[in-house]
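Structure data (compact mmCIF, C-alpha atoms and all ligand atoms) from model-v5.txt:
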```
# COMPACT_ATOMS: atom_id res chain seq x y z
CA MET A 1 98.09 86.08 90.95
CA ASN A 2 98.74 85.59 87.24
CA VAL A 3 96.24 83.63 85.20
CA LEU A 4 96.58 82.47 81.61
CA VAL A 5 93.23 82.01 79.88
CA SER A 6 92.54 80.11 76.67
CA ASN A 7 89.60 78.31 75.10
CA ASP A 8 88.49 76.37 72.03
CA ASP A 9 85.51 78.47 70.93
CA GLY A 10 87.91 81.15 69.71
CA ILE A 11 88.99 84.62 70.78
CA HIS A 12 85.56 86.18 70.13
CA ALA A 13 83.53 83.73 72.22
CA ASP A 14 81.18 85.19 74.84
CA GLY A 15 82.16 82.50 77.35
CA LEU A 16 85.83 83.49 77.23
CA TRP A 17 85.07 87.12 77.98
CA ALA A 18 82.50 86.39 80.68
CA LEU A 19 85.26 84.42 82.43
CA VAL A 20 87.98 87.00 81.86
CA ARG A 21 85.77 89.80 83.21
CA GLU A 22 85.44 87.96 86.52
CA LEU A 23 89.07 86.80 86.68
CA ALA A 24 90.38 90.29 85.96
CA LYS A 25 88.80 91.48 89.22
CA ILE A 26 91.13 89.27 91.24
CA ALA A 27 94.12 88.49 89.01
CA ARG A 28 96.46 89.69 86.33
CA VAL A 29 95.04 87.95 83.27
CA THR A 30 96.59 87.19 79.88
CA VAL A 31 94.38 85.79 77.12
CA VAL A 32 95.95 83.60 74.44
CA ALA A 33 93.30 81.84 72.39
CA PRO A 34 92.71 80.45 68.91
CA ASP A 35 91.67 83.07 66.36
CA ARG A 36 88.67 80.93 65.37
CA GLU A 37 86.35 78.14 66.45
CA GLN A 38 88.38 75.06 67.38
CA SER A 39 85.82 72.97 69.24
CA ALA A 40 86.55 69.23 69.19
CA ALA A 41 90.15 69.94 68.11
CA GLY A 42 91.22 67.65 70.95
CA THR A 43 94.88 67.61 71.86
CA ALA A 44 96.08 68.52 68.32
CA VAL A 45 99.42 70.32 68.20
CA THR A 46 100.69 72.00 65.01
CA LEU A 47 104.18 70.76 64.15
CA TRP A 48 104.28 70.94 60.35
CA GLN A 49 103.69 74.59 59.72
CA PRO A 50 104.67 77.83 61.44
CA LEU A 51 102.29 79.51 63.86
CA ARG A 52 101.37 83.18 63.90
CA ILE A 53 100.38 85.24 66.89
CA ARG A 54 98.40 88.46 66.60
CA LYS A 55 98.27 90.87 69.49
CA VAL A 56 94.73 92.19 69.48
CA ARG A 57 93.12 95.27 70.97
CA ARG A 58 92.30 94.77 74.62
CA VAL A 59 88.65 94.05 75.24
CA ILE A 60 89.16 94.56 78.96
CA PRO A 61 91.69 97.14 80.23
CA ASP A 62 94.95 95.60 81.49
CA VAL A 63 94.21 92.21 79.91
CA GLU A 64 96.83 91.49 77.26
CA THR A 65 95.14 89.58 74.47
CA TYR A 66 96.62 87.44 71.73
CA ALA A 67 94.95 85.48 68.91
CA VAL A 68 96.78 82.39 67.65
CA GLU A 69 96.38 80.87 64.20
CA GLY A 70 96.35 77.41 65.69
CA THR A 71 94.71 74.97 68.04
CA PRO A 72 93.88 75.39 71.73
CA SER A 73 96.97 73.33 72.64
CA ASP A 74 99.13 75.48 70.33
CA SER A 75 97.84 78.59 72.09
CA VAL A 76 98.79 77.41 75.56
CA ILE A 77 102.17 76.04 74.46
CA LEU A 78 102.99 79.36 72.77
CA ALA A 79 101.77 81.31 75.76
CA LEU A 80 103.81 79.38 78.30
CA GLY A 81 106.87 79.14 76.07
CA ASN A 82 106.94 82.67 74.74
CA LEU A 83 104.25 85.14 75.76
CA VAL A 84 103.81 84.77 79.51
CA LYS A 85 106.68 82.39 80.31
CA ASP A 86 106.81 82.06 84.10
CA ARG A 87 104.15 84.69 84.68
CA ALA A 88 101.43 82.11 85.31
CA ASP A 89 100.12 80.69 88.55
CA LEU A 90 97.20 78.94 86.90
CA VAL A 91 95.95 78.00 83.43
CA VAL A 92 92.19 78.28 82.83
CA SER A 93 90.34 77.20 79.71
CA GLY A 94 86.78 78.21 78.84
CA ILE A 95 84.11 78.98 79.38
CA ASN A 96 83.04 76.52 76.75
CA TRP A 97 79.59 76.94 75.26
CA GLY A 98 78.26 73.47 76.00
CA MET A 99 79.27 71.00 78.67
CA ASN A 100 82.23 68.61 78.40
CA LEU A 101 81.18 65.46 80.20
CA GLY A 102 82.36 61.86 80.28
CA GLU A 103 84.17 60.85 77.13
CA ASP A 104 83.91 64.42 75.76
CA VAL A 105 87.10 65.26 77.60
CA TYR A 106 89.08 63.13 75.14
CA ILE A 107 88.12 65.24 72.12
CA SER A 108 87.48 68.57 73.79
CA GLY A 109 89.70 71.49 72.81
CA THR A 110 88.65 73.22 76.03
CA VAL A 111 89.95 70.38 78.15
CA SER A 112 93.06 70.05 75.96
CA ALA A 113 94.05 73.70 76.42
CA ALA A 114 93.95 73.23 80.20
CA LEU A 115 95.73 69.89 79.80
CA GLN A 116 98.72 71.69 78.27
CA GLY A 117 98.88 73.87 81.37
CA TYR A 118 98.79 70.79 83.58
CA LEU A 119 101.47 69.03 81.52
CA HIS A 120 103.68 72.09 81.95
CA GLY A 121 103.32 71.78 85.72
CA TYR A 122 100.64 74.37 86.42
CA PRO A 123 97.36 73.87 88.21
CA ALA A 124 94.73 73.82 85.50
CA LEU A 125 91.03 74.36 85.22
CA ALA A 126 88.68 73.65 82.29
CA ILE A 127 85.21 75.22 82.59
CA SER A 128 82.18 74.44 80.47
CA ALA A 129 78.60 75.67 80.76
CA ALA A 130 75.28 74.33 79.51
CA ARG A 131 74.07 76.02 76.36
CA GLU A 132 70.42 76.34 77.29
CA ASP A 133 70.60 79.57 79.26
CA PRO A 134 73.08 82.44 78.67
CA GLN A 135 72.88 83.26 82.41
CA THR A 136 74.76 80.03 83.05
CA LEU A 137 77.86 81.75 81.67
CA GLU A 138 77.69 84.34 84.43
CA VAL A 139 77.41 81.65 87.10
CA ALA A 140 80.27 79.68 85.53
CA ALA A 141 82.42 82.83 85.34
CA ARG A 142 81.93 83.57 89.05
CA LEU A 143 82.64 79.97 89.89
CA GLY A 144 85.78 80.08 87.74
CA ALA A 145 87.10 83.08 89.66
CA LEU A 146 86.33 81.49 93.04
CA LEU A 147 88.02 78.26 92.04
CA ALA A 148 91.02 80.10 90.61
CA GLN A 149 91.46 81.90 93.90
CA ARG A 150 91.16 78.70 95.92
CA MET A 151 93.45 76.72 93.63
CA VAL A 152 96.25 79.26 93.79
CA SER A 153 96.03 80.27 97.43
CA GLY A 154 94.40 77.32 99.13
CA LEU A 155 95.61 74.07 97.62
CA PRO A 156 98.42 72.27 99.37
CA ALA A 157 99.61 70.71 96.09
CA SER A 158 99.83 72.62 92.85
CA ASN A 159 99.64 70.06 90.12
CA VAL A 160 95.90 69.50 89.87
CA PHE A 161 93.68 69.43 86.82
CA LEU A 162 89.96 69.98 87.27
CA ASN A 163 87.21 69.70 84.67
CA VAL A 164 84.23 71.79 85.73
CA ASN A 165 80.73 71.73 84.26
CA VAL A 166 77.92 74.11 85.14
CA PRO A 167 74.33 73.07 84.39
CA ALA A 168 71.59 75.46 83.22
CA VAL A 169 70.05 75.93 86.66
CA PRO A 170 69.24 79.37 88.12
CA LEU A 171 71.81 80.18 90.80
CA GLU A 172 69.27 80.13 93.63
CA GLU A 173 68.14 76.63 92.59
CA LEU A 174 71.64 75.18 92.25
CA LYS A 175 71.84 72.12 94.52
CA GLY A 176 75.55 72.48 95.24
CA VAL A 177 78.93 71.32 94.04
CA GLN A 178 79.88 67.66 93.62
CA VAL A 179 83.29 66.10 93.12
CA THR A 180 82.69 63.45 90.48
CA ARG A 181 84.33 61.01 88.11
CA LEU A 182 83.91 60.93 84.34
CA ALA A 183 80.88 59.04 83.07
CA ASN A 184 81.90 56.12 80.87
CA GLN A 185 79.80 57.32 77.98
CA SER A 186 78.18 60.59 77.13
CA HIS A 187 77.38 60.50 73.43
CA ILE A 188 76.54 58.31 70.53
CA ASN A 189 78.24 59.09 67.26
CA THR A 190 76.33 58.74 64.03
CA VAL A 191 77.26 59.33 60.42
CA THR A 192 74.79 61.04 58.14
CA GLU A 193 75.35 60.61 54.42
CA GLY A 194 74.10 62.76 51.59
CA ARG A 195 74.96 63.67 48.03
CA ASP A 196 76.32 67.01 46.93
CA ALA A 197 76.36 67.37 43.13
CA LYS A 198 78.43 64.35 42.02
CA ARG A 199 79.92 63.26 45.31
CA ALA A 200 78.86 61.81 48.59
CA TYR A 201 79.39 63.82 51.75
CA TYR A 202 79.26 62.76 55.37
CA TRP A 203 78.42 64.59 58.56
CA LEU A 204 79.59 63.21 61.87
CA VAL A 205 76.84 63.86 64.40
CA ARG A 206 77.26 63.55 68.14
CA GLU A 207 74.14 63.15 70.19
CA ARG A 208 74.13 63.12 73.93
CA ILE A 209 72.65 59.99 75.44
CA SER A 210 69.76 60.62 77.79
CA ASN A 211 70.82 58.19 80.51
CA SER A 212 72.71 60.16 83.14
CA GLY A 213 74.48 57.11 84.50
CA GLU A 214 75.82 56.31 87.92
CA LYS A 215 75.44 58.57 90.88
CA ASP A 216 79.06 59.59 91.33
CA THR A 217 79.56 60.68 87.70
CA ASP A 218 79.74 64.13 86.13
CA MET A 219 76.67 63.43 83.99
CA TRP A 220 74.57 62.49 87.00
CA ALA A 221 75.65 65.61 88.89
CA VAL A 222 74.72 68.12 86.18
CA ASP A 223 71.49 66.28 85.37
CA HIS A 224 70.48 66.63 89.01
CA GLY A 225 71.26 70.32 89.36
CA TYR A 226 74.82 70.22 90.74
CA VAL A 227 78.01 71.79 89.48
CA SER A 228 80.37 68.93 88.64
CA ILE A 229 84.08 69.11 89.46
CA THR A 230 86.07 66.19 88.11
CA PRO A 231 89.78 65.66 88.72
CA VAL A 232 91.10 64.41 85.36
CA PHE A 233 94.35 62.98 83.99
CA THR A 234 95.80 62.80 87.46
CA ASN A 235 98.16 60.20 88.80
CA ARG A 236 97.46 61.17 92.36
CA ALA A 237 96.07 58.46 94.57
CA GLY A 238 92.50 58.94 95.74
CA GLU A 239 93.53 59.07 99.41
CA GLU A 240 95.57 62.15 98.66
CA LEU A 241 93.29 63.78 96.09
CA HIS A 242 89.91 63.55 97.74
CA PRO A 243 90.65 65.31 101.04
CA MET A 244 92.28 68.05 98.97
CA LEU A 245 89.23 68.42 96.74
CA ASP A 246 86.86 68.37 99.71
CA MET A 247 88.87 71.25 101.10
CA LEU A 248 88.76 73.06 97.76
CA CYS A 249 85.00 72.72 97.55
CA ALA A 250 84.11 73.42 101.19
CA GLY A 251 81.53 76.20 101.31
CA LEU A 252 81.99 76.84 97.59
CA SER A 253 78.34 76.85 96.55
CA GLY A 254 77.44 79.20 99.40
CA GLU A 255 80.19 81.55 98.32
CA LEU A 256 79.07 81.27 94.70
CA LYS A 257 75.55 82.32 95.62
CA LYS A 258 76.94 85.26 97.58
CA GLY A 259 79.25 86.47 94.81
CA ILE A 260 82.89 87.38 94.91
CA ASP A 261 83.49 89.83 97.71
CA ASN A 262 86.99 89.05 98.87
CA PRO A 263 89.53 89.47 96.10
CA VAL A 264 93.10 88.48 96.92
MN MN A 301 84.02 74.61 72.26
```

Would you mind writing the file out in C-alpha cells?
Ligand code: MN
Amino acid sequence: MNVLVSNDDGIHADGLWALVRELAKIARVTVVAPDREQSAAGTAVTLWQPLRIRKVRRVIPDVETYAVEGTPSDSVILALGNLVKDRADLVVSGINWGMNLGEDVYISGTVSAALQGYLHGYPALAISAAREDPQTLEVAARLGALLAQRMVSGLPASNVFLNVNVPAVPLEELKGVQVTRLANQSHINTVTEGRDAKRAYYWLVRERISNSGEKDTDMWAVDHGYVSITPVFTNRAGEELHPMLDMLCAGLSGELKKGIDNPV
C-alpha cells in the first residue's frame, strides 16, 4: 500500500516522524510537508506565487521526503499532481501536536491537508494528539498505522475522511475508541492588545472552553479517555456511514493495546 503523509507542523515535527516510522513498517510512504510551521493555515492554497519543492535527505530509509515552501494544502496538491501522482492509496495528515476538535477543523492545517486528499478522491485521515504527554504521539502513531491498514484493505467504500484525536491517557487506561460528531464549539477567541514602540499590536488568542459538551461529540470522547474518530466533510448518509465505521473500529482498541503484529 502507498501512503502519502503531510502535516501542518512542518517537515521537522516529531509527530510527523513518529507517524511515518509506524506507517513505514506496513506501507510505502512518501512525505510531502510544509518546510515550516503552518498550524492554523486552514485550507489556504497558494495561487499568486510559484511554489518550490526541496527533496530532503531521508530521515527513514526508503521514505522519499520533500519539503514544500507552501501551505499544507499546497503540499498535498503538489504531491498528488506531481510527486506521487497515482501512487497513493491513502492520504494521512499529522500527527498534529495538539488536538483538533469541534470547530478547530475549520482552521486546522492538519485537517486541511487530509481534506485535499479527500477532495482528490482518496480515503483520508487526519490525526492529532494531546500535547500533555509525548507518549501520546507513540499511541497515535500506532493507531494511525492500524487505521491506515483498515481503511485501505477493509473499507467497502474508499471515499472517507476521518478526523482522529488521541487524548493524553496511558495506553493501558484508554477507555476505547468512539465514533463521534464535531462539537459545536471548542474555543473562545480573544484579542489581546499591547503597544510596541509607537504602534499598537494585537495577539489573537484561542482558549479551549472547559465544557466538554454533549455525549456523542469529539470533545466529550477525549475528555472521558476515548480516542475520537469523527467522519468529516462527508456527504454520505448516516445509514451508510455508520455501519461502515463500526466495522472499521471493531476490535480497534484491543489491537492498539496489542501493537501492530500483522503487517499487510
Ligand atoms: Mn499544527

Considering all atoms listed in the file, can you say which of A:Leu83, A:Val111, A:Val164, A:Leu256 comes closest to ligand MN 301 (chain A)?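 Ranked by minimum distance to ligand MN 301 (chain A), first place goes to A:Val111.
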
Counting only C-alpha atoms and all ligand atoms, which residues of chain A sit at most 9 Å from some atom of ligand MN 301 (chain A), and what is each one's closest atom pair with its distance in Å to one decimal, listed by chain and rising residue number, as JSON lines?
```
{"residue": "A:Asn7", "atom": "CA", "partner": "A:MN301", "partner_atom": "MN", "distance": 7.3}
{"residue": "A:Asp8", "atom": "CA", "partner": "A:MN301", "partner_atom": "MN", "distance": 4.8}
{"residue": "A:Asp9", "atom": "CA", "partner": "A:MN301", "partner_atom": "MN", "distance": 4.3}
{"residue": "A:Gly10", "atom": "CA", "partner": "A:MN301", "partner_atom": "MN", "distance": 8.0}
{"residue": "A:Glu37", "atom": "CA", "partner": "A:MN301", "partner_atom": "MN", "distance": 7.2}
{"residue": "A:Gln38", "atom": "CA", "partner": "A:MN301", "partner_atom": "MN", "distance": 6.6}
{"residue": "A:Ser39", "atom": "CA", "partner": "A:MN301", "partner_atom": "MN", "distance": 3.9}
{"residue": "A:Ala40", "atom": "CA", "partner": "A:MN301", "partner_atom": "MN", "distance": 6.7}
{"residue": "A:Ala41", "atom": "CA", "partner": "A:MN301", "partner_atom": "MN", "distance": 8.8}
{"residue": "A:Gly94", "atom": "CA", "partner": "A:MN301", "partner_atom": "MN", "distance": 8.0}
{"residue": "A:Ile95", "atom": "CA", "partner": "A:MN301", "partner_atom": "MN", "distance": 8.4}
{"residue": "A:Asn96", "atom": "CA", "partner": "A:MN301", "partner_atom": "MN", "distance": 5.0}
{"residue": "A:Trp97", "atom": "CA", "partner": "A:MN301", "partner_atom": "MN", "distance": 5.8}
{"residue": "A:Gly98", "atom": "CA", "partner": "A:MN301", "partner_atom": "MN", "distance": 7.0}
{"residue": "A:Met99", "atom": "CA", "partner": "A:MN301", "partner_atom": "MN", "distance": 8.8}
{"residue": "A:Asn100", "atom": "CA", "partner": "A:MN301", "partner_atom": "MN", "distance": 8.8}
{"residue": "A:Ser108", "atom": "CA", "partner": "A:MN301", "partner_atom": "MN", "distance": 7.1}
{"residue": "A:Gly109", "atom": "CA", "partner": "A:MN301", "partner_atom": "MN", "distance": 6.5}
{"residue": "A:Thr110", "atom": "CA", "partner": "A:MN301", "partner_atom": "MN", "distance": 6.1}
{"residue": "A:Ser128", "atom": "CA", "partner": "A:MN301", "partner_atom": "MN", "distance": 8.4}
```

Could you take the residues named above and write them with C-alpha atoms, as a short mmCIF file (atom, residue, chain, number, x, y, z; two decimals), in the frame of the given file?
```
data_model
loop_
_atom_site.label_atom_id
_atom_site.label_comp_id
_atom_site.auth_asym_id
_atom_site.auth_seq_id
_atom_site.Cartn_x
_atom_site.Cartn_y
_atom_site.Cartn_z
CA ASN A 7 89.60 78.31 75.10
CA ASP A 8 88.49 76.37 72.03
CA ASP A 9 85.51 78.47 70.93
CA GLY A 10 87.91 81.15 69.71
CA GLU A 37 86.35 78.14 66.45
CA GLN A 38 88.38 75.06 67.38
CA SER A 39 85.82 72.97 69.24
CA ALA A 40 86.55 69.23 69.19
CA ALA A 41 90.15 69.94 68.11
CA GLY A 94 86.78 78.21 78.84
CA ILE A 95 84.11 78.98 79.38
CA ASN A 96 83.04 76.52 76.75
CA TRP A 97 79.59 76.94 75.26
CA GLY A 98 78.26 73.47 76.00
CA MET A 99 79.27 71.00 78.67
CA ASN A 100 82.23 68.61 78.40
CA SER A 108 87.48 68.57 73.79
CA GLY A 109 89.70 71.49 72.81
CA THR A 110 88.65 73.22 76.03
CA SER A 128 82.18 74.44 80.47
#
```

Show which residues sit within 10 Å of Gly251 (chain A), as an mmCIF file with C-alpha atoms, in the coordinates of the input. Count only C-alpha atoms, and ignore same-chain residues fewer than 5 positions away.
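Output file out.cif follows:
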```cif
data_model
loop_
_atom_site.group_PDB
_atom_site.id
_atom_site.type_symbol
_atom_site.label_atom_id
_atom_site.label_comp_id
_atom_site.auth_asym_id
_atom_site.auth_seq_id
_atom_site.Cartn_x
_atom_site.Cartn_y
_atom_site.Cartn_z
ATOM 1 C CA GLY A 176 75.550 72.480 95.240
ATOM 2 C CA VAL A 177 78.930 71.320 94.040
ATOM 3 C CA ASP A 246 86.860 68.370 99.710
ATOM 4 C CA LEU A 256 79.070 81.270 94.700
#
```

In Å, rounded to a single decimal, give me how far CA of Pro167 (chain A) is from CA of Asp89 (chain A).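 Value for the CA of Asp89 (chain A)-CA of Pro167 (chain A) distance: 27.2 Å.
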
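Distance annotation: of A:Asp196, A:Glu103, A:Asp216, A:Asp35, the residue with the minimal separation from Val179 (chain A) is A:Asp216; atom set is all atoms listed in the file.
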
Pick from A:Ile127, A:Leu23, A:Val5, A:Ala197 nearest to Val227 (chain A), counting only C-alpha atoms: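 The closest residue to Val227 (chain A) is A:Ile127.
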